[in-house]
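Coordinates as given in query_6.cif (mmCIF, C-alpha atoms):
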data_structure
#
loop_
_atom_site.group_PDB
_atom_site.id
_atom_site.type_symbol
_atom_site.label_atom_id
_atom_site.label_comp_id
_atom_site.auth_asym_id
_atom_site.auth_seq_id
_atom_site.Cartn_x
_atom_site.Cartn_y
_atom_site.Cartn_z
ATOM 1 C CA MET A 1 118.181 124.300 57.035
ATOM 2 C CA LYS A 2 118.647 127.476 55.014
ATOM 3 C CA ILE A 3 122.055 129.026 54.274
ATOM 4 C CA THR A 4 122.226 132.596 52.972
ATOM 5 C CA PHE A 5 125.283 134.570 51.833
ATOM 6 C CA LEU A 6 125.479 138.027 53.393
ATOM 7 C CA GLY A 7 127.693 140.253 51.281
ATOM 8 C CA GLN A 8 128.242 143.948 51.626
ATOM 9 C CA GLY A 9 130.378 146.792 50.355
ATOM 10 C CA PHE A 10 130.274 146.192 46.595
ATOM 11 C CA GLU A 11 127.162 148.318 46.061
ATOM 12 C CA SER A 12 125.974 151.680 47.360
ATOM 13 C CA GLU A 13 123.358 150.076 49.607
ATOM 14 C CA SER A 14 123.971 146.543 50.851
ATOM 15 C CA LYS A 15 120.525 145.229 51.729
ATOM 16 C CA LYS A 16 122.019 141.917 52.868
ATOM 17 C CA SER A 17 124.620 143.478 55.159
ATOM 18 C CA VAL A 18 125.187 141.859 58.531
ATOM 19 C CA GLY A 19 123.936 145.043 60.195
ATOM 20 C CA ASN A 20 120.626 145.073 58.321
ATOM 21 C CA THR A 21 120.197 141.360 58.968
ATOM 22 C CA ILE A 22 120.834 141.702 62.703
ATOM 23 C CA ILE A 23 118.362 144.605 62.922
ATOM 24 C CA LYS A 24 115.729 142.399 61.285
ATOM 25 C CA LEU A 25 116.488 139.396 63.513
ATOM 26 C CA PHE A 26 116.189 141.419 66.716
ATOM 27 C CA LYS A 27 112.678 142.462 65.684
ATOM 28 C CA GLU A 28 111.500 138.878 65.198
ATOM 29 C CA ASN A 29 109.641 137.436 68.144
ATOM 30 C CA LYS A 30 110.861 133.871 67.567
ATOM 31 C CA PHE A 31 114.154 134.396 69.431
ATOM 32 C CA SER A 32 114.691 134.762 73.164
ATOM 33 C CA SER A 33 118.499 134.626 73.375
ATOM 34 C CA PHE A 34 121.345 136.490 71.649
ATOM 35 C CA THR A 35 125.064 135.833 71.942
ATOM 36 C CA GLY A 36 127.522 138.015 70.071
ATOM 37 C CA ILE A 37 131.233 137.251 69.864
ATOM 38 C CA SER A 38 133.355 139.832 68.036
ATOM 39 C CA ALA A 39 137.060 140.530 67.699
ATOM 40 C CA PHE A 40 136.479 144.281 67.867
ATOM 41 C CA ALA A 41 133.689 146.712 68.748
ATOM 42 C CA SER A 42 133.255 150.428 68.089
ATOM 43 C CA GLU A 43 131.166 152.988 69.929
ATOM 44 C CA ALA A 44 128.918 153.455 66.869
ATOM 45 C CA GLY A 45 128.504 149.693 66.435
ATOM 46 C CA VAL A 46 127.501 149.220 70.070
ATOM 47 C CA VAL A 47 125.055 152.143 69.923
ATOM 48 C CA GLY A 48 123.451 150.441 66.914
ATOM 49 C CA LEU A 49 123.288 147.167 68.823
ATOM 50 C CA SER A 50 121.699 149.020 71.730
ATOM 51 C CA GLU A 51 118.911 150.187 69.418
ATOM 52 C CA CYS A 52 118.438 146.611 68.182
ATOM 53 C CA ILE A 53 118.243 145.296 71.739
ATOM 54 C CA ALA A 54 115.666 147.963 72.620
ATOM 55 C CA SER A 55 113.548 147.005 69.604
ATOM 56 C CA GLY A 56 113.386 143.368 70.744
ATOM 57 C CA ALA A 57 113.440 143.934 74.497
ATOM 58 C CA GLU A 58 110.119 142.220 75.141
ATOM 59 C CA PHE A 59 111.270 138.971 73.497
ATOM 60 C CA TYR A 60 114.842 138.535 74.781
ATOM 61 C CA LYS A 61 115.513 136.873 78.108
ATOM 62 C CA THR A 62 119.263 136.362 77.570
ATOM 63 C CA LEU A 63 121.724 138.805 76.010
ATOM 64 C CA ASN A 64 125.442 137.972 75.973
ATOM 65 C CA LEU A 65 128.351 139.789 74.378
ATOM 66 C CA ILE A 66 132.072 139.003 74.229
ATOM 67 C CA VAL A 67 134.494 141.397 72.541
ATOM 68 C CA GLY A 68 138.218 141.320 71.987
ATOM 69 C CA ILE A 69 140.602 144.193 72.617
ATOM 70 C CA ASP A 70 143.681 143.043 70.685
ATOM 71 C CA GLN A 71 145.552 145.422 68.367
ATOM 72 C CA GLU A 72 143.751 148.422 69.919
ATOM 73 C CA GLY A 73 140.646 147.389 67.955
ATOM 74 C CA THR A 74 138.169 148.265 70.713
ATOM 75 C CA SER A 75 138.216 151.678 72.397
ATOM 76 C CA LYS A 76 137.374 152.765 75.910
ATOM 77 C CA LYS A 77 134.228 154.495 74.596
ATOM 78 C CA ALA A 78 133.037 151.267 72.971
ATOM 79 C CA LEU A 79 133.547 149.339 76.208
ATOM 80 C CA LYS A 80 131.693 152.014 78.188
ATOM 81 C CA GLU A 81 128.776 151.734 75.739
ATOM 82 C CA ILE A 82 128.774 147.948 76.216
ATOM 83 C CA ASN A 83 128.761 148.375 79.988
ATOM 84 C CA ASP A 84 125.829 150.791 79.658
ATOM 85 C CA LEU A 85 123.813 148.105 77.815
ATOM 86 C CA GLY A 86 123.381 146.334 81.155
ATOM 87 C CA ILE A 87 123.755 142.888 79.576
ATOM 88 C CA ASN A 88 126.038 139.941 80.339
ATOM 89 C CA SER A 89 129.245 141.201 78.700
ATOM 90 C CA TYR A 90 132.928 140.311 78.734
ATOM 91 C CA ILE A 91 136.286 141.337 77.347
ATOM 92 C CA PHE A 92 138.415 138.502 75.963
ATOM 93 C CA TYR A 93 142.112 139.198 76.383
ATOM 94 C CA GLN A 94 145.237 137.081 76.577
ATOM 95 C CA LYS A 95 148.785 138.434 76.585
ATOM 96 C CA GLU A 96 150.209 135.756 74.323
ATOM 97 C CA SER A 97 149.398 134.976 70.682
ATOM 98 C CA PRO A 98 147.164 134.241 68.883
ATOM 99 C CA ILE A 99 144.842 137.240 68.791
ATOM 100 C CA PHE A 100 141.111 136.871 69.420
ATOM 101 C CA HIS A 101 139.410 137.256 66.035
ATOM 102 C CA PRO A 102 136.034 135.402 65.741
ATOM 103 C CA LYS A 103 132.772 137.003 64.624
ATOM 104 C CA ILE A 104 129.695 134.983 65.601
ATOM 105 C CA TYR A 105 126.161 136.285 66.111
ATOM 106 C CA LEU A 106 123.800 133.643 67.493
ATOM 107 C CA PHE A 107 120.034 133.982 67.874
ATOM 108 C CA GLU A 108 118.224 131.153 69.682
ATOM 109 C CA GLY A 109 114.550 130.574 70.307
ATOM 110 C CA GLU A 110 112.260 127.789 71.392
ATOM 111 C CA SER A 111 111.792 126.516 67.824
ATOM 112 C CA ASP A 112 114.324 128.397 65.693
ATOM 113 C CA THR A 113 118.041 129.161 65.604
ATOM 114 C CA THR A 114 119.977 131.557 63.365
ATOM 115 C CA ILE A 115 123.765 131.786 63.289
ATOM 116 C CA ILE A 116 125.789 134.410 61.419
ATOM 117 C CA VAL A 117 129.496 133.641 61.010
ATOM 118 C CA GLY A 118 131.810 135.737 58.887
ATOM 119 C CA SER A 119 134.123 138.706 58.772
ATOM 120 C CA SER A 120 131.966 141.492 60.279
ATOM 121 C CA ASN A 121 133.125 142.999 63.559
ATOM 122 C CA LEU A 122 130.692 144.765 65.879
ATOM 123 C CA THR A 123 131.480 148.146 64.317
ATOM 124 C CA ALA A 124 129.405 150.445 62.118
ATOM 125 C CA ARG A 125 131.770 149.805 59.225
ATOM 126 C CA GLY A 126 131.882 146.071 59.879
ATOM 127 C CA PHE A 127 128.093 145.900 59.949
ATOM 128 C CA PHE A 128 127.361 148.230 57.023
ATOM 129 C CA GLY A 129 130.262 149.870 55.183
ATOM 130 C CA ASN A 130 133.251 147.574 54.737
ATOM 131 C CA VAL A 131 133.523 144.904 52.084
ATOM 132 C CA GLU A 132 132.570 141.896 54.213
ATOM 133 C CA SER A 133 131.238 138.382 53.734
ATOM 134 C CA SER A 134 129.299 136.142 56.090
ATOM 135 C CA LEU A 135 127.044 133.119 56.032
ATOM 136 C CA MET A 136 123.713 133.032 57.828
ATOM 137 C CA VAL A 137 122.462 129.593 58.789
ATOM 138 C CA GLU A 138 118.795 129.277 59.803
ATOM 139 C CA PHE A 139 117.205 126.083 61.056
ATOM 140 C CA LYS A 140 114.394 124.655 63.131
ATOM 141 C CA ASN A 141 115.551 123.207 66.427
ATOM 142 C CA ASP A 142 114.611 119.690 65.330
ATOM 143 C CA ASN A 143 116.934 119.861 62.293
ATOM 144 C CA ALA A 144 119.748 117.317 62.778
ATOM 145 C CA GLU A 145 122.325 119.196 60.674
ATOM 146 C CA GLY A 146 121.577 122.475 62.433
ATOM 147 C CA ILE A 147 121.783 120.887 65.870
ATOM 148 C CA LYS A 148 125.126 119.303 64.897
ATOM 149 C CA LEU A 149 126.524 122.636 63.654
ATOM 150 C CA LEU A 150 125.421 124.506 66.772
ATOM 151 C CA LYS A 151 126.932 121.787 68.977
ATOM 152 C CA GLU A 152 130.239 121.997 67.092
ATOM 153 C CA ILE A 153 130.385 125.771 67.591
ATOM 154 C CA LYS A 154 129.427 125.580 71.259
ATOM 155 C CA ASP A 155 131.816 122.687 71.902
ATOM 156 C CA TYR A 156 134.735 124.438 70.188
ATOM 157 C CA TYR A 157 134.108 127.671 72.102
ATOM 158 C CA SER A 158 132.759 125.932 75.211
ATOM 159 C CA THR A 159 134.602 128.145 77.701
ATOM 160 C CA LEU A 160 133.195 131.242 75.999
ATOM 161 C CA PHE A 161 129.625 129.977 75.971
ATOM 162 C CA ASP A 162 129.763 128.963 79.642
ATOM 163 C CA PHE A 163 131.848 132.054 80.581
ATOM 164 C CA THR A 164 134.556 130.015 82.342
ATOM 165 C CA ASP A 165 137.474 130.945 80.082
ATOM 166 C CA PRO A 166 140.353 132.401 82.143
ATOM 167 C CA ASN A 167 140.816 135.097 79.482
ATOM 168 C CA LEU A 168 137.318 136.521 80.018
ATOM 169 C CA PHE A 169 136.926 139.670 82.091
ATOM 170 C CA LYS A 170 133.415 140.802 83.069
ATOM 171 C CA ILE A 171 132.967 144.319 81.759
ATOM 172 C CA SER A 172 132.732 146.950 84.485
ATOM 173 C CA PRO A 173 134.103 150.488 84.895
ATOM 174 C CA GLU A 174 136.950 149.071 86.991
ATOM 175 C CA VAL A 175 137.948 146.480 84.381
ATOM 176 C CA ILE A 176 137.757 149.053 81.578
ATOM 177 C CA ASN A 177 139.987 151.454 83.532
ATOM 178 C CA GLN A 178 142.441 148.655 84.298
ATOM 179 C CA PHE A 179 142.924 147.839 80.592
ATOM 180 C CA VAL A 180 143.164 151.557 79.743
ATOM 181 C CA SER A 181 145.794 152.164 82.434
ATOM 182 C CA GLU A 182 147.814 149.201 81.135
ATOM 183 C CA GLY A 183 147.789 150.774 77.659
ATOM 184 C CA ILE A 184 145.874 147.858 76.105
ATOM 185 C CA VAL A 185 142.629 149.723 75.387
ATOM 186 C CA PRO A 186 143.006 153.017 73.507
ATOM 187 C CA THR A 187 141.190 156.218 74.346
ATOM 188 C CA LYS A 188 141.843 158.130 71.107
ATOM 189 C CA LYS A 189 138.787 158.805 68.960
ATOM 190 C CA SER A 190 140.786 158.270 65.756
ATOM 191 C CA LEU A 191 140.990 154.575 66.555
ATOM 192 C CA GLU A 192 137.219 154.247 67.060
ATOM 193 C CA GLU A 193 136.192 153.376 63.507
ATOM 194 C CA LYS A 194 139.291 151.732 62.110
ATOM 195 C CA THR A 195 137.667 148.295 61.796
#
Would you kindly transcribe this structure into structure tokens?
Amino acid sequence: MKITFLGQGFESESKKSVGNTIIKLFKENKFSSFTGISAFASEAGVVGLSECIASGAEFYKTLNLIVGIDQEGTSKKALKEINDLGINSYIFYQKESPIFHPKIYLFEGESDTTIIVGSSNLTARGFFGNVESSLMVEFKNDNAEGIKLLKEIKDYYSTLFDFTDPNLFKISPEVINQFVSEGIVPTKKSLEEKT
């Protein structure tokens, strides 16, 4: 098992930013599944993810994305971009506290797994510009510690990983419009890159 610190924002070019790392991982042919869970998403962040997905399209059989919409952190434009990806994607929303705030990016393959957990939202700033910190854990799928860690994450968030959580809403134009009409998802461009 290998654990790497991914820090960004304290230098002019953060080579170990989460964004640069995710770009690299999508180009590796050892993964066939990606699951992203993020508190917020921006239009620019999703467009960047779209380019990553395109670069690894021949390798990936499963692409999942769950984003939160609390505190007006995800705009209508971002959700439309996610819908346009054509992948298995959901909004997580619950009316009561606490807010949805995890950031997990999971790459799984036949022999290898890589997990990034930290502070970076699926936004251009969260991936490249903000001061952020994350840990990347890489392991072979026969590594006992890695298997245990992955099981703990999937057990804790079991209803997210099996898409049965009652607070998940499959992203579609109708669902996006519903959250916009209820005033939960903002449409103003000024909110797009706040995270």
Closest atom pairs, residues of stretch 105-140 of chain A within 10 Å of stretch 62-70 of chain A, only C-alpha atoms, as a tab-separated table:
residue	atom	partner	partner_atom	distance
A:Tyr105	CA	A:Leu65	CA	9.2
A:Leu106	CA	A:Asn64	CA	9.7
A:Phe107	CA	A:Leu63	CA	9.6
A:Glu108	CA	A:Thr62	CA	9.5
A:Asn121	CA	A:Val67	CA	9.2
A:Leu122	CA	A:Val67	CA	8.4
Self-check item: Which residue of A:Thr113, A:Ser133, A:Asn143, A:Asn20 approaches A:Ser33 most closely, using only C-alpha atoms
Solution: A:Thr113
Exercise. Using the chain letters and residue numbers of this document, give as number ranges by chain the residues selected by the PyMOL selection byres ((chain A and resi 75-85) around 10).
Key: A: 40-47, 49-51, 53-54, 63, 65-67, 69, 72-74, 86-91, 122-123, 170-173, 175-177, 179-180, 184-193
Quiz item: If you apply the PyMOL selection byres ((chain A and resi 3-11) around 7) to this file, what residues do you get, as a list in words?
Solution: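 Given this file, the PyMOL selection byres ((chain A and resi 3-11) around 7) evaluates to Met1, Lys2, Ser12, Glu13, Ser14, Lys16, Ser17, Val18, Phe128, Gly129, Asn130, Val131, Glu132, Ser133, Ser134, Leu135, Met136, Val137 and Glu138 of chain A.
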Exercise. Could you give me, as a ChimeraX atom specification, the residues within 9 Å of A:Ala57, counting all atoms listed in the file and dropping anything in the same chain fewer than 5 positions from it?
Key: /A:26-27,52
Quiz prompt | Picked residues, the PyMOL selection byres ((chain A and resi 153) around 12), as a list in words | solution = Ile37, Pro102, Lys103, Ile104, Tyr105, Leu106, Ile115, Ile116, Val117, Gly146, Ile147, Lys148, Leu149, Leu150, Lys151, Glu152, Lys154, Asp155, Tyr156, Tyr157, Ser158, Thr159, Leu160 and Phe161 of chain A
Quiz item: Taking all atoms listed in the file into account, which of A:Gly48, A:Pro166, A:Glu110, A:Tyr93 comes nearest A:Ala124?
Solution: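 Residue with the minimum atom-to-atom distance to A:Ala124: A:Gly48.
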Practice problem: Go ahead and compute the interatomic distance for atom CA of A:Asp165 and atom CA of A:Gln71, in Å to one decimal. | Solution: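 Taking atom CA of A:Asp165 as the start and atom CA of A:Gln71 as the end point, the length is 20.3 Å.
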Where atoms are missing, can you supply N, CA and C atoms for stretch 80-108 of chain A and output the lot as a short mmCIF file (atom, residue, chain, number, x, y, z; two decimals), in the coordinates of the input?
data_model
loop_
_atom_site.label_atom_id
_atom_site.label_comp_id
_atom_site.auth_asym_id
_atom_site.auth_seq_id
_atom_site.Cartn_x
_atom_site.Cartn_y
_atom_site.Cartn_z
N LYS A 80 132.64 151.32 77.31
CA LYS A 80 131.69 152.01 78.19
C LYS A 80 130.27 151.86 77.66
N GLU A 81 130.10 151.94 76.34
CA GLU A 81 128.78 151.73 75.74
C GLU A 81 128.27 150.32 76.01
N ILE A 82 129.17 149.34 75.91
CA ILE A 82 128.77 147.95 76.22
C ILE A 82 128.35 147.84 77.67
N ASN A 83 129.11 148.42 78.57
CA ASN A 83 128.76 148.38 79.99
C ASN A 83 127.39 149.00 80.22
N ASP A 84 127.11 150.10 79.50
CA ASP A 84 125.83 150.79 79.66
C ASP A 84 124.64 149.98 79.14
N LEU A 85 124.90 148.96 78.29
CA LEU A 85 123.81 148.10 77.82
C LEU A 85 123.16 147.33 78.96
N GLY A 86 123.92 147.08 80.02
CA GLY A 86 123.38 146.33 81.16
C GLY A 86 123.14 144.87 80.85
N ILE A 87 123.91 144.30 79.92
CA ILE A 87 123.76 142.89 79.58
C ILE A 87 124.97 142.11 80.07
N ASN A 88 124.93 140.80 79.94
CA ASN A 88 126.04 139.94 80.34
C ASN A 88 127.17 140.11 79.33
N SER A 89 128.22 140.86 79.69
CA SER A 89 129.24 141.20 78.70
C SER A 89 130.65 141.02 79.26
N TYR A 90 131.56 140.63 78.35
CA TYR A 90 132.93 140.31 78.73
C TYR A 90 133.92 140.82 77.71
N ILE A 91 135.11 141.13 78.19
CA ILE A 91 136.29 141.34 77.35
C ILE A 91 137.02 140.01 77.29
N PHE A 92 137.49 139.63 76.09
CA PHE A 92 138.42 138.50 75.96
C PHE A 92 139.79 139.08 75.71
N TYR A 93 140.75 138.72 76.58
CA TYR A 93 142.11 139.20 76.38
C TYR A 93 143.10 138.18 76.93
N GLN A 94 144.11 137.88 76.12
CA GLN A 94 145.24 137.08 76.58
C GLN A 94 146.51 137.75 76.09
N LYS A 95 147.54 137.74 76.91
CA LYS A 95 148.78 138.43 76.58
C LYS A 95 149.53 137.78 75.43
N GLU A 96 149.46 136.47 75.35
CA GLU A 96 150.21 135.76 74.32
C GLU A 96 149.39 135.61 73.05
N SER A 97 150.08 135.26 71.95
CA SER A 97 149.40 134.98 70.68
C SER A 97 148.63 133.68 70.82
N PRO A 98 147.65 133.43 70.00
CA PRO A 98 147.16 134.24 68.88
C PRO A 98 146.16 135.29 69.35
N ILE A 99 145.83 136.22 68.44
CA ILE A 99 144.84 137.24 68.79
C ILE A 99 143.44 136.63 68.72
N PHE A 100 142.52 137.27 69.39
CA PHE A 100 141.11 136.87 69.42
C PHE A 100 140.42 137.51 68.22
N HIS A 101 139.89 136.69 67.30
CA HIS A 101 139.41 137.26 66.04
C HIS A 101 138.09 136.68 65.51
N PRO A 102 137.29 135.94 66.29
CA PRO A 102 136.03 135.40 65.74
C PRO A 102 134.94 136.46 65.63
N LYS A 103 133.98 136.18 64.75
CA LYS A 103 132.77 137.00 64.62
C LYS A 103 131.60 136.06 64.48
N ILE A 104 130.84 135.89 65.56
CA ILE A 104 129.70 134.98 65.60
C ILE A 104 128.52 135.73 66.23
N TYR A 105 127.38 135.67 65.57
CA TYR A 105 126.16 136.28 66.11
C TYR A 105 125.09 135.20 66.11
N LEU A 106 124.68 134.80 67.31
CA LEU A 106 123.80 133.64 67.49
C LEU A 106 122.47 134.07 68.10
N PHE A 107 121.39 133.73 67.40
CA PHE A 107 120.03 133.98 67.87
C PHE A 107 119.37 132.64 68.12
N GLU A 108 118.86 132.42 69.33
CA GLU A 108 118.22 131.15 69.68
C GLU A 108 116.82 131.39 70.22
#
